[in-house]
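Enquirer: Structure file structure28.cif (mmCIF, C-alpha atoms) right here:
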```cif
data_coords
#
loop_
_atom_site.label_atom_id
_atom_site.label_comp_id
_atom_site.auth_asym_id
_atom_site.auth_seq_id
_atom_site.Cartn_x
_atom_site.Cartn_y
_atom_site.Cartn_z
CA MET A 723 0.00 0.00 0.00
CA GLN A 724 2.88 2.35 0.80
CA ASP A 725 4.41 1.48 -2.57
CA ASP A 726 1.14 2.28 -4.38
CA ALA A 727 0.71 5.55 -2.48
CA ALA A 728 4.21 6.73 -3.40
CA TYR A 729 3.72 5.75 -7.03
CA THR A 730 0.40 7.62 -7.14
CA ALA A 731 2.03 10.66 -5.53
CA GLY A 732 4.82 10.58 -8.09
CA SER A 733 2.36 10.34 -10.98
CA LYS A 734 0.36 13.27 -9.57
CA ALA A 735 3.53 15.33 -9.16
CA MET A 736 4.42 14.71 -12.81
CA ASP A 737 0.93 15.75 -13.93
CA GLU A 738 1.46 19.00 -12.05
CA HIS A 739 5.03 19.41 -13.38
CA ARG A 740 6.50 19.16 -9.88
CA TRP A 741 9.48 17.19 -11.13
CA LEU A 742 11.57 17.23 -7.95
CA ASP A 743 8.63 15.96 -5.90
CA ALA A 744 8.16 13.23 -8.50
CA VAL A 745 11.79 12.13 -8.12
CA VAL A 746 11.39 11.93 -4.35
CA SER A 747 8.18 9.87 -4.63
CA PHE A 748 9.57 7.43 -7.18
CA ASP A 749 12.68 6.99 -5.02
CA LYS A 750 10.36 5.77 -2.26
CA VAL A 751 8.90 3.20 -4.65
CA ILE A 752 12.40 2.08 -5.67
CA ASN A 753 13.56 1.77 -2.06
CA ALA A 754 10.45 -0.27 -1.17
CA LYS A 755 11.52 -2.84 -3.83
CA GLY A 756 7.95 -3.64 -4.79
CA LYS A 757 6.42 -4.69 -8.08
CA ARG A 758 6.67 -1.26 -9.71
CA VAL A 759 10.40 -0.69 -9.24
CA ASP A 760 11.30 -0.71 -12.94
CA ALA A 761 8.45 1.64 -13.85
CA ALA A 762 9.45 3.95 -10.99
CA VAL A 763 13.07 4.00 -12.20
CA TYR A 764 11.91 5.05 -15.67
CA TRP A 765 9.62 7.81 -14.38
CA LYS A 766 12.39 8.99 -12.06
CA ALA A 767 14.68 9.26 -15.10
CA TYR A 768 11.93 11.06 -17.01
CA SER A 769 11.51 13.56 -14.17
CA LEU A 770 15.28 14.10 -13.88
CA ASN A 771 15.38 14.82 -17.59
CA LYS A 772 12.60 17.39 -17.16
CA LEU A 773 14.66 18.97 -14.37
CA GLY A 774 17.46 19.52 -16.87
CA LYS A 775 19.60 16.67 -15.51
CA PRO A 776 20.11 14.51 -18.61
CA GLN A 777 23.29 12.86 -17.29
CA LEU A 778 21.58 11.74 -14.09
CA ALA A 779 18.60 10.59 -16.14
CA ALA A 780 20.90 8.52 -18.35
CA ALA A 781 22.71 7.07 -15.31
CA THR A 782 19.35 6.15 -13.77
CA CYS A 783 18.33 4.36 -16.97
CA ASP A 784 21.69 2.58 -17.08
CA GLN A 785 21.06 1.41 -13.52
CA LEU A 786 17.73 -0.09 -14.64
CA HIS A 787 19.42 -1.87 -17.55
CA ALA A 788 22.15 -3.26 -15.29
CA GLN A 789 19.76 -4.46 -12.59
CA ASP A 790 16.87 -5.65 -14.78
CA PRO A 791 17.97 -6.13 -18.41
CA ASN A 792 14.66 -7.81 -19.28
CA SER A 793 12.45 -4.99 -18.05
CA GLN A 794 9.96 -3.69 -20.59
CA TRP A 795 10.87 -0.16 -19.47
CA ASN A 796 14.42 -0.37 -20.85
CA ARG A 797 13.17 0.49 -24.33
CA ASP A 798 11.43 3.61 -23.01
CA CYS A 799 14.59 4.57 -21.15
CA SER A 800 16.66 4.19 -24.31
CA ALA A 801 14.27 6.43 -26.20
CA LEU A 802 14.48 8.97 -23.40
CA THR A 803 18.26 9.19 -23.07
CA VAL A 804 19.80 8.09 -26.36
CA ASN A 805 19.61 10.11 -29.55
CA VAL A 806 20.70 7.79 -32.37
CA HIS A 807 19.84 8.70 -35.91
CA ILE A 808 18.71 5.73 -37.98
CA ASP A 809 17.34 6.20 -41.46
CA THR A 810 14.73 3.43 -41.14
CA GLN A 811 13.37 3.81 -44.66
CA ALA A 812 16.78 3.48 -46.26
CA LEU A 813 17.60 0.63 -43.92
CA ALA A 814 14.44 -1.23 -44.88
CA GLU A 815 15.10 -0.71 -48.60
CA SER A 816 18.65 -1.99 -48.21
CA MET A 817 17.91 -4.89 -45.85
CA LYS A 818 18.15 -7.36 -48.70
CA ASN A 819 21.90 -6.58 -48.89
CA VAL A 820 22.63 -7.42 -45.26
CA ASN A 821 23.27 -11.12 -45.83
CA ALA A 822 25.60 -10.30 -48.70
CA GLN A 823 27.59 -7.96 -46.46
CA VAL A 824 27.81 -10.60 -43.73
CA ARG A 825 29.17 -13.08 -46.27
CA ALA A 826 31.65 -10.50 -47.53
CA ILE A 827 33.00 -9.87 -44.04
CA ALA A 828 33.14 -13.58 -43.21
CA ASP A 829 34.93 -14.46 -46.46
CA PRO A 830 38.70 -14.76 -45.78
CA ALA A 831 39.36 -13.83 -49.42
CA VAL A 832 38.05 -10.32 -48.79
CA GLU A 833 40.66 -8.03 -47.28
CA ASP A 834 39.70 -6.06 -44.16
CA ALA A 835 40.86 -2.88 -45.86
CA GLU A 836 38.35 -3.47 -48.63
CA ILE A 837 35.51 -3.86 -46.13
CA TRP A 838 36.52 -0.89 -43.98
CA ASP A 839 37.65 1.56 -46.64
CA ASN A 840 38.25 4.76 -44.68
CA SER A 841 39.10 6.85 -47.75
CA ASN A 842 35.37 7.12 -48.37
CA PRO A 843 33.72 6.52 -44.99
CA PRO A 844 30.14 5.26 -45.28
CA HIS A 845 27.25 7.34 -44.05
CA GLY A 846 23.71 6.79 -42.81
CA SER A 847 22.20 3.42 -43.56
CA ASP A 848 25.48 2.07 -44.99
CA GLU A 849 26.99 2.30 -41.51
CA ASP A 850 23.88 0.72 -40.03
CA LEU A 851 24.23 -2.19 -42.42
CA LYS A 852 27.87 -2.71 -41.57
CA MET A 853 27.06 -2.80 -37.88
CA LEU A 854 24.22 -5.24 -38.52
CA ALA A 855 26.69 -7.38 -40.43
CA LEU A 856 29.20 -7.23 -37.58
CA ASN A 857 26.50 -8.09 -35.05
CA SER A 858 25.66 -11.17 -37.08
CA LEU A 859 29.31 -12.14 -37.55
CA LEU A 860 29.97 -11.76 -33.82
CA ASN A 861 27.32 -14.41 -33.16
CA GLN A 862 28.67 -16.71 -35.88
CA ASP A 863 32.45 -16.22 -35.62
CA PRO A 864 33.63 -14.03 -32.70
CA ALA A 865 37.30 -14.72 -33.47
CA ARG A 866 36.95 -12.83 -36.77
CA ALA A 867 34.45 -10.22 -35.64
CA ILE A 868 36.38 -8.88 -32.64
CA PRO A 869 39.52 -7.80 -34.59
CA LEU A 870 37.20 -6.05 -37.05
CA LEU A 871 35.48 -4.24 -34.21
CA ARG A 872 38.87 -3.12 -32.89
CA GLY A 873 39.55 -1.85 -36.40
CA VAL A 874 36.37 0.21 -36.27
CA LEU A 875 37.43 1.75 -32.94
CA THR A 876 40.94 2.67 -34.11
CA GLY A 877 39.90 3.71 -37.63
CA ASN A 878 38.42 6.89 -39.08
CA GLY A 879 34.76 5.91 -38.89
CA SER A 880 32.07 8.17 -37.47
CA PRO A 881 31.64 8.61 -33.70
CA ALA A 882 28.22 6.92 -33.95
CA MET A 883 29.73 3.83 -35.56
CA LYS A 884 32.50 3.64 -32.94
CA LYS A 885 29.93 4.00 -30.17
CA HIS A 886 27.93 1.14 -31.68
CA ALA A 887 31.09 -0.99 -31.90
CA LEU A 888 31.70 -0.48 -28.18
CA PHE A 889 28.08 -1.40 -27.48
CA VAL A 890 28.49 -4.64 -29.45
CA LEU A 891 31.77 -5.51 -27.72
CA ALA A 892 30.28 -4.85 -24.29
CA GLN A 893 27.64 -7.53 -24.89
CA SER A 894 30.22 -10.14 -25.90
CA LYS A 895 31.44 -12.65 -23.32
CA SER A 896 34.78 -13.04 -25.10
CA PRO A 897 37.94 -12.29 -23.05
CA ASP A 898 39.35 -10.56 -26.16
CA ALA A 899 36.38 -8.19 -26.14
CA ASP A 900 37.07 -7.43 -22.45
CA VAL A 901 40.67 -6.54 -23.30
CA ILE A 902 39.55 -4.08 -25.99
CA LEU A 903 36.97 -2.50 -23.70
CA ARG A 904 39.54 -2.11 -20.93
CA ASP A 905 42.01 -0.50 -23.35
CA ALA A 906 39.31 1.96 -24.39
CA ALA A 907 38.33 2.65 -20.77
CA MET A 908 42.00 3.30 -19.88
CA GLY A 909 42.16 5.97 -22.60
CA LYS A 910 44.22 4.11 -25.20
CA MET A 911 41.69 5.02 -27.94
CA GLY A 912 41.07 8.67 -27.11
CA PRO A 913 38.97 10.57 -24.56
CA ASP A 914 35.63 10.37 -26.40
CA LEU A 915 35.78 6.58 -26.65
CA GLN A 916 37.15 6.42 -23.12
CA ARG A 917 34.02 8.05 -21.70
CA GLU A 918 31.76 5.76 -23.73
CA ALA A 919 33.75 2.67 -22.73
CA ILE A 920 33.50 3.61 -19.04
CA ARG A 921 29.74 3.86 -19.39
CA SER A 922 29.50 0.58 -21.34
CA ILE A 923 31.49 -1.54 -18.89
CA ALA A 924 29.53 -0.10 -15.97
CA VAL A 925 26.22 -0.99 -17.61
CA PHE A 926 27.09 -4.43 -18.94
CA GLU A 927 29.68 -5.68 -16.44
CA GLY A 928 28.22 -4.15 -13.29
CA LYS A 929 30.37 -4.42 -10.17
CA ARG A 930 32.97 -6.48 -12.06
CA SER A 931 34.00 -3.21 -13.73
CA ASN A 932 34.66 -1.33 -10.49
CA ASP A 933 38.36 -2.18 -10.14
CA THR A 934 38.95 -0.84 -13.65
CA LEU A 935 36.83 2.26 -12.99
CA VAL A 936 38.75 3.13 -9.83
CA GLU A 937 42.07 2.57 -11.61
CA VAL A 938 40.96 4.96 -14.37
CA TYR A 939 39.96 7.58 -11.79
CA LYS A 940 43.31 7.38 -10.00
CA THR A 941 45.42 7.51 -13.17
CA THR A 942 43.70 10.33 -15.09
CA SER A 943 43.91 14.07 -14.54
CA ASP A 944 40.97 14.84 -16.86
CA PRO A 945 37.94 16.03 -14.82
CA LYS A 946 35.55 14.86 -17.56
CA ILE A 947 36.91 11.33 -17.38
CA LYS A 948 36.73 11.40 -13.59
CA ARG A 949 33.06 12.45 -13.80
CA SER A 950 32.40 9.57 -16.18
CA VAL A 951 33.92 7.19 -13.62
CA ILE A 952 31.75 8.70 -10.87
CA SER A 953 28.66 8.09 -13.03
CA GLY A 954 29.87 4.55 -13.74
CA LEU A 955 30.20 3.79 -10.03
CA PHE A 956 26.75 5.27 -9.49
CA ILE A 957 25.38 2.92 -12.16
CA THR A 958 26.92 -0.08 -10.38
CA GLN A 959 25.76 1.31 -7.02
CA ASP A 960 29.22 1.01 -5.44
CA ALA A 961 28.77 3.54 -2.63
CA PRO A 962 31.83 2.39 -0.57
CA ARG A 963 34.22 3.09 -3.44
CA MET A 964 32.55 6.42 -4.17
CA VAL A 965 32.96 7.39 -0.51
CA GLU A 966 36.64 6.42 -0.68
CA LEU A 967 37.13 8.59 -3.77
CA ALA A 968 35.28 11.50 -2.14
CA ARG A 969 37.45 11.34 1.00
CA ASN A 970 40.66 11.50 -1.07
CA GLU A 971 39.49 14.02 -3.68
CA LYS A 972 41.10 17.48 -3.36
CA ASP A 973 39.13 19.08 -6.20
CA LEU A 974 36.01 20.52 -4.57
CA GLU A 975 33.94 20.41 -7.78
CA LEU A 976 34.69 16.73 -8.29
CA LYS A 977 34.03 16.01 -4.64
CA ARG A 978 30.68 17.82 -4.94
CA SER A 979 29.88 15.67 -7.98
CA ILE A 980 30.51 12.47 -5.99
CA VAL A 981 28.51 13.67 -3.00
CA SER A 982 25.54 14.74 -5.16
CA GLN A 983 25.27 11.22 -6.56
CA LEU A 984 25.85 9.55 -3.19
CA ALA A 985 22.88 11.60 -1.95
CA LEU A 986 20.66 9.74 -4.43
CA MET A 987 21.73 6.29 -3.23
CA ASN A 988 19.96 4.19 -0.64
CA ASP A 989 23.11 2.71 0.87
CA LYS A 990 24.46 2.66 4.44
CA ALA A 991 27.95 3.71 3.32
CA ALA A 992 26.48 6.73 1.54
CA THR A 993 24.28 7.64 4.53
CA ASP A 994 27.17 7.29 6.99
CA TYR A 995 29.31 9.57 4.83
CA MET A 996 26.55 12.20 4.68
CA ILE A 997 26.39 12.13 8.49
CA GLU A 998 30.18 12.38 8.62
CA LEU A 999 30.12 15.50 6.44
CA LEU A 1000 27.37 17.09 8.49
CA SER A 1001 29.22 16.43 11.76
CA LYS A 1002 32.36 18.26 10.65
CA PRO A 1003 32.74 21.70 12.25
#
```
What does the file become when written as structure tokens?

Expert:
Amino acid sequence: MQDDAAYTAGSKAMDEHRWLDAVVSFDKVINAKGKRVDAAVYWKAYSLNKLGKPQLAAATCDQLHAQDPNSQWNRDCSALTVNVHIDTQALAESMKNVNAQVRAIADPAVEDAEIWDNSNPPHGSDEDLKMLALNSLLNQDPARAIPLLRGVLTGNGSPAMKKHALFVLAQSKSPDADVILRDAAMGKMGPDLQREAIRSIAVFEGKRSNDTLVEVYKTTSDPKIKRSVISGLFITQDAPRMVELARNEKDLELKRSIVSQLALMNDKAATDYMIELLSKP
């Protein structure tokens, strides 16, 4: 009954555009761990987005995906937080060529350079088709697909295609895929891919990624990368490590960023740290 009352209060707050009140109400539903948790997480993300907090909204959606990958609300969350352009009409018209492209990639007689010709990078639905082909090849022959995906990440393709390649690698259970993701997360493929890799390993590996995330935080001097790590630890709900980082952080803006996300977590370590901060003279 308490769960239903909080959910109703959150829905009413949204109807009245009281977005902060909605976040508070849906947090109560989430903490109660009832039947509407996944719906409450989505509406919390929706309300955060309305508050002008798109990064927190995205992190909240990532938390839902990590904790309940089969939830029907994941699709709504993706639509809320991800802006990916797909030319669906062109893709539908060209779908008949997908199988041919898969065969071309899988054929050892076809050189990788011919498939990934960066002198004339593909655009729009051509890129979509190549990623569809790689998705298919990854399922059929991971040993050949993973080097090609690394080639996408280190080549001159579009940022959208590289982001998709990371997404595909993150869903693979191959140790070779893990190595590539860790290289990207450690910054060996540039800062843009580093931030995306940090997000991907947090979402798909959960707490297994936390050692890598903390190592990245301690070895980088880039505040943007550090903030990505903070968001990653928030996604995996690792409050103890976030508290440890906050205690050792000398940059007040970064420390404030950690504390602001700890304040949204229902965790004893986070609560104890809030009390510790309040008790300081």

Enquirer: Please enumerate the residues selected by the PyMOL selection byres ((chain A and resi 909) around 12) when evaluated against the supplied file, formatted as a PyMOL selection string.

Expert: chain A and resi 902-908+910-920+934-935+937-939+941-944+947-948

Enquirer: Excluding A:Leu875 and residues on its chain fewer than 6 positions from it, collect all residues at most 8 Å away from it, counting all atoms listed in the file, and give them as a short mmCIF file (atom, residue, chain, number, x, y, z; two decimals) with C-alpha atoms, keeping the file's coordinate frame.

Expert:
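Result file follows (result_28.cif):
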```cif
data_model
loop_
_atom_site.label_atom_id
_atom_site.label_comp_id
_atom_site.auth_asym_id
_atom_site.auth_seq_id
_atom_site.Cartn_x
_atom_site.Cartn_y
_atom_site.Cartn_z
CA LYS A 884 32.50 3.64 -32.94
CA ALA A 887 31.09 -0.99 -31.90
CA LEU A 888 31.70 -0.48 -28.18
CA MET A 911 41.69 5.02 -27.94
#
```

Enquirer: For this structure, which residues satisfy the selection - the PyMOL selection byres ((chain A and resi 978-992) around 12) - when it is evaluated on the file as given? I want them as a ChimeraX atom specification.

Expert: /A:745-746,748-755,766,770,775,777-779,781-782,785,945-946,948-977,993-999

Enquirer: Pick from A:Ser880, A:Thr730, A:Gln893, A:Ser747: nearest to A:Pro791, with all atoms listed in the file counted?

Expert: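 When distances to A:Pro791 are compared using all atoms listed in the file, the smallest one comes from A:Gln893.
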
Enquirer: When you count all atoms listed in the file, which of these residues is closest to A:Gln789: A:Ala744, A:Ala924, A:Val936, A:Ala728?

Expert: A:Ala924

Enquirer: Please determine, counting all atoms listed in the file, which residue among A:Glu738, A:Asp760, A:Asp784, A:Asp790 has the shortest atom-to-atom distance to A:Ile923.

Expert: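 Comparing A:Glu738, A:Asp760, A:Asp784, A:Asp790 against A:Ile923, the winner is A:Asp784.
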
Enquirer: Could you spell out the hits of the PyMOL selection byres ((chain A and resi 895) around 12) on the shown file, as a list in words?

Expert: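 Applied to this file, the PyMOL selection byres ((chain A and resi 895) around 12) selects Leu860, Asn861, Pro864, Ala865, Ile868, Val890, Leu891, Ala892, Gln893, Ser894, Ser896, Pro897, Asp898, Ala899, Asp900, Val901, Leu903, Ile923, Phe926 and Glu927 of chain A.
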
Enquirer: Given the choices A:Ala882, A:Tyr729, A:Lys757, A:Ser769, which gets closest to A:Trp741 if the distance is worked out from all atoms listed in the file?

Expert: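 With all atoms listed in the file as the atom set, the closest residue is A:Ser769.
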
Enquirer: Please compute the atom CA of A:Leu786-atom CA of A:Gly732 distance, one decimal, in Å.

Expert: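 Computing it gives 18.0 Å between the two atoms.
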
Enquirer: Looking at A:Asp933, A:Gly928, A:Tyr764, A:Lys772, which one is nearest to A:Ala801, with distances taken over only C-alpha atoms?

Expert: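 Looking only at the distances to A:Ala801, the closest residue turns out to be A:Tyr764.
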
Enquirer: So for stretch 903-908 of chain A, what box centre and size do we get, axis-aligned, 5 Å extra on each of the six sides, every listed atom, Å to one decimal, as lines of an AutoDock Vina configuration file?

Expert:
```
center_x = 39.5
center_y = 0.4
center_z = -22.1
size_x = 15.0
size_y = 15.8
size_z = 14.5
```

Enquirer: N, CA and C atoms are needed for stretch 941-970 of chain A; please write them out as an mmCIF file, in the frame of the given file.

Expert:
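Result written to result20.cif:
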```cif
data_model
loop_
_atom_site.group_PDB
_atom_site.id
_atom_site.type_symbol
_atom_site.label_atom_id
_atom_site.label_comp_id
_atom_site.auth_asym_id
_atom_site.auth_seq_id
_atom_site.Cartn_x
_atom_site.Cartn_y
_atom_site.Cartn_z
ATOM 1 N N THR A 941 44.317 7.311 -12.233
ATOM 2 C CA THR A 941 45.420 7.510 -13.170
ATOM 3 C C THR A 941 45.177 8.640 -14.162
ATOM 4 N N THR A 942 43.978 9.235 -14.162
ATOM 5 C CA THR A 942 43.700 10.330 -15.090
ATOM 6 C C THR A 942 43.674 11.654 -14.357
ATOM 7 N N SER A 943 44.010 12.711 -15.087
ATOM 8 C CA SER A 943 43.910 14.070 -14.540
ATOM 9 C C SER A 943 42.780 14.843 -15.201
ATOM 10 N N ASP A 944 42.042 14.185 -16.105
ATOM 11 C CA ASP A 944 40.970 14.840 -16.860
ATOM 12 C C ASP A 944 39.679 14.825 -16.022
ATOM 13 N N PRO A 945 39.167 15.993 -15.632
ATOM 14 C CA PRO A 945 37.940 16.030 -14.820
ATOM 15 C C PRO A 945 36.744 15.376 -15.509
ATOM 16 N N LYS A 946 36.672 15.475 -16.834
ATOM 17 C CA LYS A 946 35.550 14.860 -17.560
ATOM 18 C C LYS A 946 35.584 13.346 -17.431
ATOM 19 N N ILE A 947 36.777 12.775 -17.529
ATOM 20 C CA ILE A 947 36.910 11.330 -17.380
ATOM 21 C C ILE A 947 36.579 10.919 -15.948
ATOM 22 N N LYS A 948 37.037 11.699 -14.982
ATOM 23 C CA LYS A 948 36.730 11.400 -13.590
ATOM 24 C C LYS A 948 35.216 11.420 -13.350
ATOM 25 N N ARG A 949 34.516 12.389 -13.957
ATOM 26 C CA ARG A 949 33.060 12.450 -13.800
ATOM 27 C C ARG A 949 32.383 11.246 -14.442
ATOM 28 N N SER A 950 32.948 10.773 -15.555
ATOM 29 C CA SER A 950 32.400 9.570 -16.180
ATOM 30 C C SER A 950 32.555 8.363 -15.261
ATOM 31 N N VAL A 951 33.693 8.289 -14.573
ATOM 32 C CA VAL A 951 33.920 7.190 -13.620
ATOM 33 C C VAL A 951 32.923 7.290 -12.461
ATOM 34 N N ILE A 952 32.708 8.501 -11.963
ATOM 35 C CA ILE A 952 31.750 8.700 -10.870
ATOM 36 C C ILE A 952 30.367 8.199 -11.294
ATOM 37 N N SER A 953 29.957 8.562 -12.519
ATOM 38 C CA SER A 953 28.660 8.090 -13.030
ATOM 39 C C SER A 953 28.645 6.579 -13.167
ATOM 40 N N GLY A 954 29.788 6.002 -13.600
ATOM 41 C CA GLY A 954 29.870 4.550 -13.740
ATOM 42 C C GLY A 954 29.705 3.848 -12.398
ATOM 43 N N LEU A 955 30.336 4.380 -11.364
ATOM 44 C CA LEU A 955 30.200 3.790 -10.030
ATOM 45 C C LEU A 955 28.791 3.978 -9.486
ATOM 46 N N PHE A 956 28.150 5.078 -9.874
ATOM 47 C CA PHE A 956 26.750 5.270 -9.490
ATOM 48 C C PHE A 956 25.868 4.217 -10.160
ATOM 49 N N ILE A 957 26.151 3.933 -11.432
ATOM 50 C CA ILE A 957 25.380 2.920 -12.160
ATOM 51 C C ILE A 957 25.501 1.562 -11.463
ATOM 52 N N THR A 958 26.717 1.222 -11.031
ATOM 53 C CA THR A 958 26.920 -0.080 -10.380
ATOM 54 C C THR A 958 26.572 -0.046 -8.895
ATOM 55 N N GLN A 959 26.182 1.134 -8.411
ATOM 56 C CA GLN A 959 25.760 1.310 -7.020
ATOM 57 C C GLN A 959 26.858 0.900 -6.029
ATOM 58 N N ASP A 960 28.099 1.325 -6.326
ATOM 59 C CA ASP A 960 29.220 1.010 -5.440
ATOM 60 C C ASP A 960 29.492 2.210 -4.530
ATOM 61 N N ALA A 961 28.637 2.406 -3.538
ATOM 62 C CA ALA A 961 28.770 3.540 -2.630
ATOM 63 C C ALA A 961 30.088 3.527 -1.854
ATOM 64 N N PRO A 962 30.571 2.374 -1.332
ATOM 65 C CA PRO A 962 31.830 2.390 -0.570
ATOM 66 C C PRO A 962 32.997 2.957 -1.362
ATOM 67 N N ARG A 963 33.102 2.580 -2.640
ATOM 68 C CA ARG A 963 34.220 3.090 -3.440
ATOM 69 C C ARG A 963 34.045 4.584 -3.733
ATOM 70 N N MET A 964 32.802 5.002 -3.942
ATOM 71 C CA MET A 964 32.550 6.420 -4.170
ATOM 72 C C MET A 964 32.912 7.240 -2.936
ATOM 73 N N VAL A 965 32.603 6.714 -1.760
ATOM 74 C CA VAL A 965 32.960 7.390 -0.510
ATOM 75 C C VAL A 965 34.480 7.499 -0.399
ATOM 76 N N GLU A 966 35.179 6.415 -0.737
ATOM 77 C CA GLU A 966 36.640 6.420 -0.680
ATOM 78 C C GLU A 966 37.220 7.487 -1.606
ATOM 79 N N LEU A 967 36.665 7.581 -2.825
ATOM 80 C CA LEU A 967 37.130 8.590 -3.770
ATOM 81 C C LEU A 967 36.840 9.998 -3.237
ATOM 82 N N ALA A 968 35.656 10.178 -2.664
ATOM 83 C CA ALA A 968 35.280 11.500 -2.140
ATOM 84 C C ALA A 968 36.221 11.933 -1.019
ATOM 85 N N ARG A 969 36.562 11.004 -0.133
ATOM 86 C CA ARG A 969 37.450 11.340 1.000
ATOM 87 C C ARG A 969 38.832 11.788 0.524
ATOM 88 N N ASN A 970 39.301 11.201 -0.585
ATOM 89 C CA ASN A 970 40.660 11.500 -1.070
ATOM 90 C C ASN A 970 40.698 12.587 -2.134
#
```
